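Structure file query_8.txt; described as compact mmCIF, C-alpha atoms.
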```
# COMPACT_ATOMS: atom_id res chain seq x y z
CA MET K 1 78.03 -62.22 -26.78
CA PRO K 2 77.38 -61.12 -30.40
CA ARG K 3 78.98 -57.82 -31.44
CA LEU K 4 75.62 -56.10 -32.12
CA ALA K 5 74.33 -57.11 -28.70
CA CYS K 6 77.50 -55.74 -27.08
CA LEU K 7 77.11 -52.47 -28.97
CA ALA K 8 73.46 -52.17 -27.93
CA LEU K 9 74.41 -52.81 -24.30
CA LEU K 10 77.10 -50.13 -24.43
CA LEU K 11 74.70 -47.62 -25.97
CA CYS K 12 72.05 -48.33 -23.37
CA SER K 13 74.60 -47.92 -20.60
CA ALA K 14 75.75 -44.62 -22.08
CA TYR K 15 72.21 -43.26 -22.31
CA ALA K 16 71.37 -44.49 -18.82
CA GLY K 17 74.39 -42.69 -17.42
CA ALA K 18 73.82 -39.48 -19.34
CA ALA K 19 72.51 -36.61 -17.26
CA ALA K 20 68.99 -35.46 -18.14
CA PRO K 21 68.93 -31.98 -19.67
CA ILE K 22 67.70 -28.96 -17.75
CA ARG K 23 64.64 -27.72 -19.63
CA ILE K 24 64.34 -23.94 -19.94
CA GLY K 25 61.30 -22.34 -21.53
CA VAL K 26 61.72 -19.60 -24.14
CA SER K 27 58.46 -17.74 -24.74
CA GLY K 28 58.10 -14.85 -27.15
CA PRO K 29 56.49 -13.55 -30.36
CA PHE K 30 58.30 -15.33 -33.17
CA SER K 31 55.69 -14.18 -35.70
CA GLY K 32 53.73 -10.94 -36.18
CA GLY K 33 54.56 -7.27 -35.62
CA SER K 34 56.62 -7.90 -32.50
CA SER K 35 58.69 -10.68 -34.07
CA PRO K 36 61.87 -8.58 -34.56
CA MET K 37 62.06 -8.41 -30.78
CA GLY K 38 61.08 -12.02 -30.20
CA LEU K 39 63.41 -13.52 -32.80
CA SER K 40 66.32 -11.37 -31.65
CA MET K 41 65.72 -12.38 -28.04
CA ARG K 42 65.54 -16.05 -29.01
CA GLY K 43 68.77 -15.73 -30.99
CA GLY K 44 70.55 -14.24 -27.99
CA ILE K 45 69.24 -16.94 -25.65
CA ARG K 46 70.37 -19.66 -28.07
CA LEU K 47 73.90 -18.24 -28.15
CA ALA K 48 74.01 -18.11 -24.35
CA ALA K 49 72.83 -21.74 -24.12
CA GLU K 50 75.46 -22.73 -26.68
CA ASP K 51 78.20 -21.05 -24.60
CA ILE K 52 76.97 -22.63 -21.36
CA ASN K 53 76.74 -26.13 -22.85
CA ARG K 54 80.19 -25.77 -24.42
CA GLN K 55 81.52 -25.11 -20.92
CA GLY K 56 79.93 -28.26 -19.52
CA GLY K 57 76.38 -27.18 -18.87
CA VAL K 58 74.95 -26.54 -15.42
CA LEU K 59 75.39 -28.86 -12.45
CA GLY K 60 76.78 -31.47 -14.84
CA ARG K 61 73.70 -31.29 -17.08
CA PRO K 62 73.16 -29.68 -20.51
CA LEU K 63 70.58 -26.96 -21.08
CA GLN K 64 67.67 -27.74 -23.39
CA LEU K 65 65.62 -24.81 -24.66
CA VAL K 66 61.90 -25.39 -25.13
CA GLU K 67 60.78 -22.59 -27.47
CA ARG K 68 57.18 -21.52 -28.02
CA ASP K 69 55.66 -18.70 -30.10
CA ASP K 70 53.20 -16.70 -27.96
CA ARG K 71 52.25 -14.59 -31.03
CA GLY K 72 52.28 -11.45 -28.87
CA ARG K 73 48.77 -12.35 -27.66
CA PRO K 74 47.97 -12.51 -23.91
CA ASP K 75 45.31 -15.20 -24.36
CA TYR K 76 47.65 -17.41 -26.37
CA ALA K 77 50.55 -16.74 -24.01
CA ILE K 78 48.60 -18.17 -21.08
CA ARG K 79 48.17 -21.42 -23.00
CA VAL K 80 51.90 -21.41 -23.79
CA ALA K 81 52.72 -20.96 -20.11
CA ASP K 82 50.39 -23.83 -19.18
CA GLU K 83 52.09 -26.12 -21.68
CA LEU K 84 55.63 -25.18 -20.67
CA ILE K 85 54.89 -25.70 -16.98
CA ASP K 86 52.52 -28.67 -16.99
CA GLN K 87 53.61 -30.67 -20.04
CA GLN K 88 57.18 -29.63 -20.79
CA GLN K 89 58.06 -29.31 -17.08
CA VAL K 90 60.49 -26.44 -17.52
CA VAL K 91 62.35 -25.31 -14.40
CA ALA K 92 62.40 -21.64 -15.51
CA THR K 93 61.51 -19.49 -18.50
CA VAL K 94 63.34 -16.61 -20.18
CA GLY K 95 61.30 -14.46 -22.54
CA PHE K 96 58.19 -12.25 -22.47
CA VAL K 97 58.41 -9.48 -25.06
CA ASN K 98 54.99 -7.79 -24.97
CA SER K 99 54.02 -6.21 -21.66
CA GLY K 100 50.42 -7.43 -21.86
CA VAL K 101 51.67 -10.96 -22.50
CA ALA K 102 54.04 -10.79 -19.54
CA LEU K 103 51.37 -9.48 -17.20
CA ALA K 104 48.90 -12.19 -18.24
CA SER K 105 51.14 -15.26 -18.38
CA GLN K 106 53.56 -14.73 -15.52
CA TYR K 107 50.80 -15.44 -13.01
CA ARG K 108 51.15 -19.11 -13.94
CA TYR K 109 54.88 -19.09 -13.15
CA GLN K 110 54.21 -17.36 -9.85
CA GLN K 111 51.63 -20.02 -8.97
CA ALA K 112 54.06 -22.81 -9.85
CA ARG K 113 56.97 -21.12 -8.02
CA ILE K 114 59.06 -21.18 -11.21
CA PRO K 115 61.42 -18.25 -11.97
CA ALA K 116 60.36 -16.15 -14.95
CA ILE K 117 63.13 -13.96 -16.38
CA THR K 118 61.64 -11.08 -18.39
CA ALA K 119 64.09 -10.26 -21.18
CA VAL K 120 62.19 -7.61 -23.13
CA ALA K 121 58.79 -6.45 -21.75
CA THR K 122 59.24 -3.06 -20.11
CA ALA K 123 55.97 -1.98 -18.42
CA HIS K 124 57.02 -0.89 -14.95
CA VAL K 125 54.38 -3.09 -13.27
CA VAL K 126 55.76 -6.35 -14.70
CA THR K 127 58.03 -7.07 -11.72
CA GLN K 128 55.62 -5.57 -9.18
CA GLN K 129 52.58 -7.86 -9.49
CA PHE K 130 53.73 -10.29 -6.81
CA LEU K 131 55.63 -8.20 -4.30
CA PRO K 132 55.87 -9.22 -0.64
CA PRO K 133 54.21 -8.98 1.83
CA ARG K 134 51.10 -9.64 -0.25
CA TYR K 135 52.95 -12.63 -1.73
CA ALA K 136 55.46 -14.73 0.16
CA ALA K 137 58.00 -14.41 -2.66
CA ASN K 138 58.20 -12.86 -6.13
CA TYR K 139 59.29 -15.17 -8.97
CA VAL K 140 59.35 -12.53 -11.74
CA PHE K 141 62.70 -10.89 -12.60
CA ARG K 142 63.70 -8.53 -15.41
CA VAL K 143 66.80 -7.87 -17.52
CA ALA K 144 65.47 -4.89 -19.51
CA ALA K 145 65.07 -1.18 -18.86
CA SER K 146 61.64 -0.69 -17.30
CA ASP K 147 59.45 2.13 -18.55
CA GLY K 148 59.70 3.70 -15.12
CA LEU K 149 63.41 4.10 -15.91
CA GLN K 150 63.14 4.84 -19.64
CA ALA K 151 60.56 7.62 -19.42
CA PRO K 152 62.77 9.99 -17.37
CA LEU K 153 65.66 9.32 -19.77
CA ILE K 154 63.44 10.18 -22.76
CA VAL K 155 62.40 13.46 -21.12
CA ARG K 156 66.01 14.19 -20.11
CA GLU K 157 67.08 13.80 -23.76
CA ALA K 158 64.36 16.20 -24.92
CA VAL K 159 65.37 18.79 -22.32
CA ARG K 160 69.06 18.29 -23.12
CA ARG K 161 68.32 19.29 -26.70
CA GLY K 162 66.39 22.37 -25.65
CA PHE K 163 62.86 21.13 -26.32
CA ARG K 164 60.25 22.43 -23.87
CA ARG K 165 57.08 22.01 -25.96
CA VAL K 166 56.66 18.28 -26.49
CA ALA K 167 53.86 16.09 -27.83
CA VAL K 168 53.27 12.55 -26.55
CA LEU K 169 52.03 9.88 -28.97
CA SER K 170 51.41 6.24 -28.00
CA ASP K 171 49.35 3.20 -28.90
CA ASN K 172 46.49 1.80 -26.81
CA SER K 173 48.16 -1.48 -25.83
CA ASN K 174 49.27 -2.10 -22.25
CA TYR K 175 52.76 -1.12 -23.40
CA GLY K 176 51.70 2.17 -24.96
CA ARG K 177 49.12 3.11 -22.34
CA LEU K 178 51.40 2.48 -19.36
CA GLY K 179 54.37 4.05 -21.14
CA GLN K 180 52.36 7.19 -21.80
CA GLN K 181 51.53 7.43 -18.09
CA ASP K 182 55.22 7.12 -17.24
CA LEU K 183 56.11 9.84 -19.76
CA LEU K 184 53.55 12.28 -18.38
CA LYS K 185 54.80 11.59 -14.86
CA ALA K 186 58.42 12.18 -15.96
CA LEU K 187 57.46 15.42 -17.72
CA ALA K 188 55.73 16.68 -14.58
CA ALA K 189 58.82 15.84 -12.51
CA SER K 190 60.82 18.04 -14.90
CA GLY K 191 58.36 20.90 -14.62
CA LEU K 192 56.93 20.31 -18.10
CA GLN K 193 53.51 19.56 -19.51
CA ALA K 194 52.86 18.01 -22.92
CA VAL K 195 51.24 20.39 -25.38
CA SER K 196 49.48 17.43 -27.05
CA VAL K 197 48.73 13.91 -25.77
CA GLN K 198 47.35 11.43 -28.32
CA GLN K 199 46.69 7.69 -28.27
CA PHE K 200 45.89 5.51 -31.27
CA ARG K 201 44.86 1.90 -31.74
CA ASN K 202 47.46 -0.75 -32.51
CA GLY K 203 47.77 -1.24 -36.26
CA GLU K 204 46.73 2.35 -37.04
CA LEU K 205 47.71 3.38 -40.57
CA ASP K 206 46.68 7.06 -40.45
CA MET K 207 48.59 9.20 -37.96
CA SER K 208 47.76 12.51 -39.63
CA SER K 209 45.06 13.64 -37.20
CA ALA K 210 47.23 13.15 -34.11
CA LEU K 211 50.20 14.81 -35.77
CA ARG K 212 48.15 17.77 -37.01
CA ASP K 213 47.03 18.31 -33.42
CA ALA K 214 50.65 18.25 -32.24
CA ARG K 215 51.71 20.72 -34.91
CA ALA K 216 48.83 23.08 -34.11
CA ALA K 217 49.89 22.96 -30.44
CA GLY K 218 53.40 24.10 -31.38
CA ALA K 219 55.23 20.87 -30.51
CA GLN K 220 59.01 20.96 -30.96
CA CYS K 221 59.44 17.16 -30.78
CA ILE K 222 57.37 13.98 -30.55
CA LEU K 223 57.86 11.58 -27.62
CA THR K 224 56.71 8.08 -28.63
CA TYR K 225 55.58 4.87 -26.97
CA THR K 226 54.65 2.20 -29.49
CA ILE K 227 56.42 -0.46 -31.60
CA GLY K 228 58.11 -0.61 -35.00
CA PRO K 229 55.29 -0.69 -37.57
CA GLU K 230 53.36 2.16 -35.93
CA LEU K 231 56.56 4.16 -35.39
CA ALA K 232 57.21 3.91 -39.13
CA GLN K 233 53.72 5.26 -39.82
CA ILE K 234 54.46 8.24 -37.58
CA ALA K 235 57.79 8.98 -39.32
CA ASN K 236 56.34 8.54 -42.80
CA THR K 237 53.32 10.73 -42.02
CA LEU K 238 55.63 13.48 -40.72
CA ALA K 239 57.49 13.34 -44.04
CA GLN K 240 54.25 13.55 -46.00
CA MET K 241 53.28 16.59 -43.93
CA GLU K 242 56.73 18.09 -44.65
CA TRP K 243 57.05 18.66 -40.93
CA ARG K 244 60.62 17.88 -39.89
CA ILE K 245 60.45 17.34 -36.15
CA PRO K 246 62.57 14.99 -33.99
CA LEU K 247 61.29 11.65 -32.71
CA ILE K 248 62.52 10.69 -29.24
CA GLY K 249 61.16 7.60 -27.57
CA SER K 250 61.50 4.26 -25.93
CA TRP K 251 63.90 1.58 -27.05
CA THR K 252 61.52 0.26 -29.76
CA LEU K 253 62.70 3.02 -32.13
CA SER K 254 65.67 0.69 -32.71
CA MET K 255 63.47 -2.08 -34.16
CA SER K 256 64.26 -3.21 -37.68
CA ASN K 257 60.66 -2.86 -38.85
CA PHE K 258 60.78 0.82 -37.90
CA ILE K 259 64.12 1.45 -39.60
CA ASP K 260 63.24 -0.58 -42.72
CA ASN K 261 59.65 0.65 -43.13
CA ALA K 262 60.49 4.30 -42.47
CA GLY K 263 63.67 4.28 -44.58
CA PRO K 264 65.17 7.78 -44.79
CA ASN K 265 62.37 9.10 -42.59
CA ALA K 266 63.85 7.18 -39.64
CA GLU K 267 67.08 9.20 -39.77
CA GLY K 268 67.86 11.01 -36.55
CA ALA K 269 65.31 9.24 -34.34
CA ARG K 270 66.69 8.83 -30.82
CA MET K 271 65.84 6.24 -28.22
CA VAL K 272 66.89 4.66 -24.92
CA GLN K 273 69.13 1.59 -25.42
CA THR K 274 70.71 -1.00 -23.13
CA PHE K 275 72.80 -2.41 -26.00
CA ILE K 276 73.91 -1.00 -29.35
CA GLU K 277 75.17 -3.22 -32.17
CA ASP K 278 78.73 -1.95 -31.96
CA GLY K 279 81.68 -4.25 -31.30
CA ASN K 280 83.32 -1.84 -28.86
CA THR K 281 84.49 -4.72 -26.62
CA PRO K 282 85.78 -8.19 -27.58
CA LEU K 283 82.78 -9.88 -25.94
CA ARG K 284 80.29 -7.72 -27.83
CA ALA K 285 82.18 -8.07 -31.12
CA ARG K 286 82.14 -11.88 -30.85
CA PHE K 287 78.46 -11.91 -29.95
CA ILE K 288 77.47 -9.72 -32.91
CA GLN K 289 79.58 -11.78 -35.31
CA ARG K 290 78.14 -15.08 -34.09
CA TYR K 291 74.57 -13.78 -34.12
CA LEU K 292 74.83 -12.61 -37.74
CA GLN K 293 76.54 -15.86 -38.79
CA ARG K 294 73.60 -17.87 -37.47
CA ASN K 295 70.94 -15.35 -38.48
CA PRO K 296 72.13 -13.71 -41.72
CA GLY K 297 70.94 -10.17 -42.27
CA GLU K 298 71.95 -6.54 -42.51
CA ARG K 299 71.78 -6.15 -38.72
CA ILE K 300 70.33 -7.73 -35.57
CA PRO K 301 66.61 -6.88 -35.85
CA SER K 302 66.43 -5.75 -32.21
CA PRO K 303 69.89 -5.60 -30.60
CA PRO K 304 68.72 -4.86 -27.03
CA SER K 305 66.34 -7.85 -27.16
CA ALA K 306 69.20 -10.13 -28.24
CA ALA K 307 71.58 -8.90 -25.55
CA GLN K 308 68.95 -8.95 -22.81
CA GLY K 309 68.02 -12.52 -23.73
CA TYR K 310 71.69 -13.55 -23.61
CA ASP K 311 72.31 -11.89 -20.25
CA GLY K 312 69.02 -13.14 -18.79
CA LEU K 313 70.02 -16.76 -19.33
CA LEU K 314 73.51 -16.09 -17.90
CA LEU K 315 72.00 -14.71 -14.70
CA LEU K 316 69.55 -17.62 -14.39
CA VAL K 317 72.37 -20.14 -14.78
CA ALA K 318 74.54 -18.30 -12.26
CA ALA K 319 71.70 -18.65 -9.74
CA MET K 320 71.34 -22.38 -10.43
CA ARG K 321 75.05 -22.89 -9.89
CA GLN K 322 74.99 -20.93 -6.65
CA ALA K 323 71.90 -22.79 -5.43
CA GLY K 324 73.32 -26.14 -6.52
CA SER K 325 69.82 -26.93 -7.68
CA THR K 326 67.13 -26.23 -10.28
CA ASP K 327 64.42 -26.09 -7.60
CA GLY K 328 62.34 -22.95 -8.17
CA PRO K 329 62.40 -21.50 -4.63
CA LYS K 330 66.14 -22.14 -4.28
CA VAL K 331 66.93 -20.54 -7.65
CA ARG K 332 64.71 -17.55 -6.82
CA ALA K 333 66.53 -17.06 -3.50
CA ALA K 334 69.91 -17.27 -5.27
CA LEU K 335 68.85 -14.70 -7.88
CA GLU K 336 67.99 -12.33 -5.04
CA ASN K 337 71.49 -12.72 -3.59
CA LEU K 338 73.97 -13.51 -6.37
CA ARG K 339 77.37 -13.57 -4.70
CA GLN K 340 79.61 -13.67 -7.78
CA PRO K 341 79.69 -11.02 -10.53
CA VAL K 342 78.28 -12.10 -13.90
CA ALA K 343 80.01 -10.61 -16.97
CA GLY K 344 77.25 -9.91 -19.50
CA LEU K 345 76.96 -8.08 -22.79
CA ILE K 346 75.19 -5.07 -21.28
CA THR K 347 77.12 -4.76 -18.03
CA THR K 348 78.90 -6.77 -15.37
CA TYR K 349 76.12 -7.61 -12.95
CA ARG K 350 77.02 -7.31 -9.26
CA GLN K 351 74.11 -8.42 -7.09
CA PRO K 352 71.61 -7.21 -9.72
CA PHE K 353 68.57 -8.35 -7.72
CA SER K 354 67.42 -8.28 -4.12
CA VAL K 355 64.31 -9.46 -2.30
CA SER K 356 62.65 -6.07 -2.87
CA ASP K 357 64.13 -5.18 -6.29
CA HIS K 358 63.92 -7.56 -9.26
CA GLU K 359 65.22 -5.08 -11.84
CA ALA K 360 68.73 -5.80 -13.18
CA ILE K 361 69.02 -2.62 -15.28
CA GLU K 362 69.73 0.51 -13.24
CA LEU K 363 69.59 4.17 -14.26
CA ASP K 364 73.30 4.46 -15.07
CA ILE K 365 73.32 1.60 -17.61
CA PRO K 366 71.23 2.74 -20.65
CA VAL K 367 72.56 5.09 -23.32
CA ILE K 368 70.88 7.11 -26.07
CA GLY K 369 70.96 5.64 -29.56
CA GLU K 370 70.33 7.37 -32.86
CA VAL K 371 69.32 6.02 -36.27
CA ARG K 372 71.97 6.81 -38.89
CA GLN K 373 72.15 5.18 -42.34
CA ARG K 374 69.81 2.32 -41.39
CA LYS K 375 71.65 1.43 -38.18
CA VAL K 376 71.52 2.53 -34.56
CA ILE K 377 74.69 4.21 -33.35
CA TYR K 378 75.67 5.96 -30.13
CA ALA K 379 74.09 9.43 -30.13
CA TYR K 380 76.91 10.62 -27.88
CA PRO K 381 80.37 9.26 -28.83
CA GLN K 382 81.58 9.29 -25.23
CA ASP K 383 79.02 6.60 -24.38
CA ARG K 384 80.85 4.22 -26.70
CA LEU K 385 83.78 4.28 -24.27
CA ARG K 386 81.63 2.90 -21.46
CA HIS K 387 82.41 -0.80 -21.02
CA PRO K 388 80.43 -3.55 -19.28
```
Would you write out, as structure tokens, the structure that this file holds?
Amino acid sequence: MPRLACLALLLCSAYAGAAAPIRIGVSGPFSGGSSPMGLSMRGGIRLAAEDINRQGGVLGRPLQLVERDDRGRPDYAIRVADELIDQQQVVATVGFVNSGVALASQYRYQQARIPAITAVATAHVVTQQFLPPRYAANYVFRVAASDGLQAPLIVREAVRRGFRRVAVLSDNSNYGRLGQQDLLKALAASGLQAVSVQQFRNGELDMSSALRDARAAGAQCILTYTIGPELAQIANTLAQMEWRIPLIGSWTLSMSNFIDNAGPNAEGARMVQTFIEDGNTPLRARFIQRYLQRNPGERIPSPPSAAQGYDGLLLLVAAMRQAGSTDGPKVRAALENLRQPVAGLITTYRQPFSVSDHEAIELDIPVIGEVRQRKVIYAYPQDRLRHP
């Protein structure tokens, strides 16, 4: 047999014997105002896939990420979900940054009985759309601090600092609207009532009216629920008004497009964080170093998004290994009863999910971060000593 024919035969045999990759969808906003979160999440997921494939993959098969930009738009995200499920035939998806996007598109995964791991979107209703007994099983899981958890922590931070007269300022997206509701509920549970409650449209450039109302009401701090660009407008407007008042809010105050666009006006802002870009453990130090090597920049644009993406894929893979399968119902059942601990960046997960609870992040996990010199640091040094 000629040498070229022999070589071709060997190559064909090798490809025939190679295990087909396991296709995992990655859906998020990789462009637009939410892109710091989406790109950071994608970077974390890529590093997790790299680690898993280096260790031999899953069930003898490599992972293959199928990435799609949902642009942060619910209508577009539904089309992305259709493509990933029907054409790309993914066995699961990790992603979903914007709460409205998650709420709209995850219905398709539920229909197809395909696990959907929410790595960033925080609206408390995200994991509650498909609860039993109305649905036979819920295929939506989350590795992020829900707003139902964040809002009480935001209020606790305000009270801890002695603030009793607070203003609430949020955007009119699903994220902002639902987050505002959670904040008002948390304030009431603490025996407080906001002195000013304002909502603005996404993309608003003039925050002066809302902030003048808060100042007239005697607010001691502003509690926020919106994303980076609008948060920067709030901070910059406060500076223009020469009204130095603390910002305390949800985790999005750590976004790079808040810190960069607000510059010195971002100093001192505090927020709920699952992960801070601080190499206080070997695992975290290696992750941060590798992320910045592959994605050069001053910092990770959204550190919690990166870590939550990384841990989300680790948990999904642990479920596949336990199930011995990529079949959606079997993986979902394994996620609800993970028998082995999973060492992640945020924490070591010990049975993070159950049939009735699809939230991996519990109340004792998040810390409070603070913007200092264009980076987010631990607001309370003792939190830095807490290890996963």
Shell of 10 Å around segment 329-338 of chain K, all atoms listed in the file, local chain residues under 4 positions omitted, as a PyMOL selection string: chain K and resi 91-92+112-116+137-141+315-325+342+349-358
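The interatomic distance for the pair atom CA of Gln128 of chain K and atom CA of Arg270 of chain K works out to 28.3 Å.
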Residue neighbourhood Arg68 of chain K, 12 Å, only C-alpha atoms, exclusion window fewer than 4 positions, as an NGL selection string: :K and (24-31 or 38-39 or 42 or 72 or 76-84 or 88 or 93-96)
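With all atoms listed in the file as the atoms that count, the minimum distance from Pro62 of chain K to the choices K:Gly100, K:Gly279, K:Pro36, K:Pro21 is reached by K:Pro21.
Straight-line separation from atom CA of Asp75 of chain K to atom CA of Ser34 of chain K: 15.7 Å.
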Å distance separating atom CA of Ala188 of chain K from atom CA of Asp364 of chain K, one decimal place: 21.4 Å
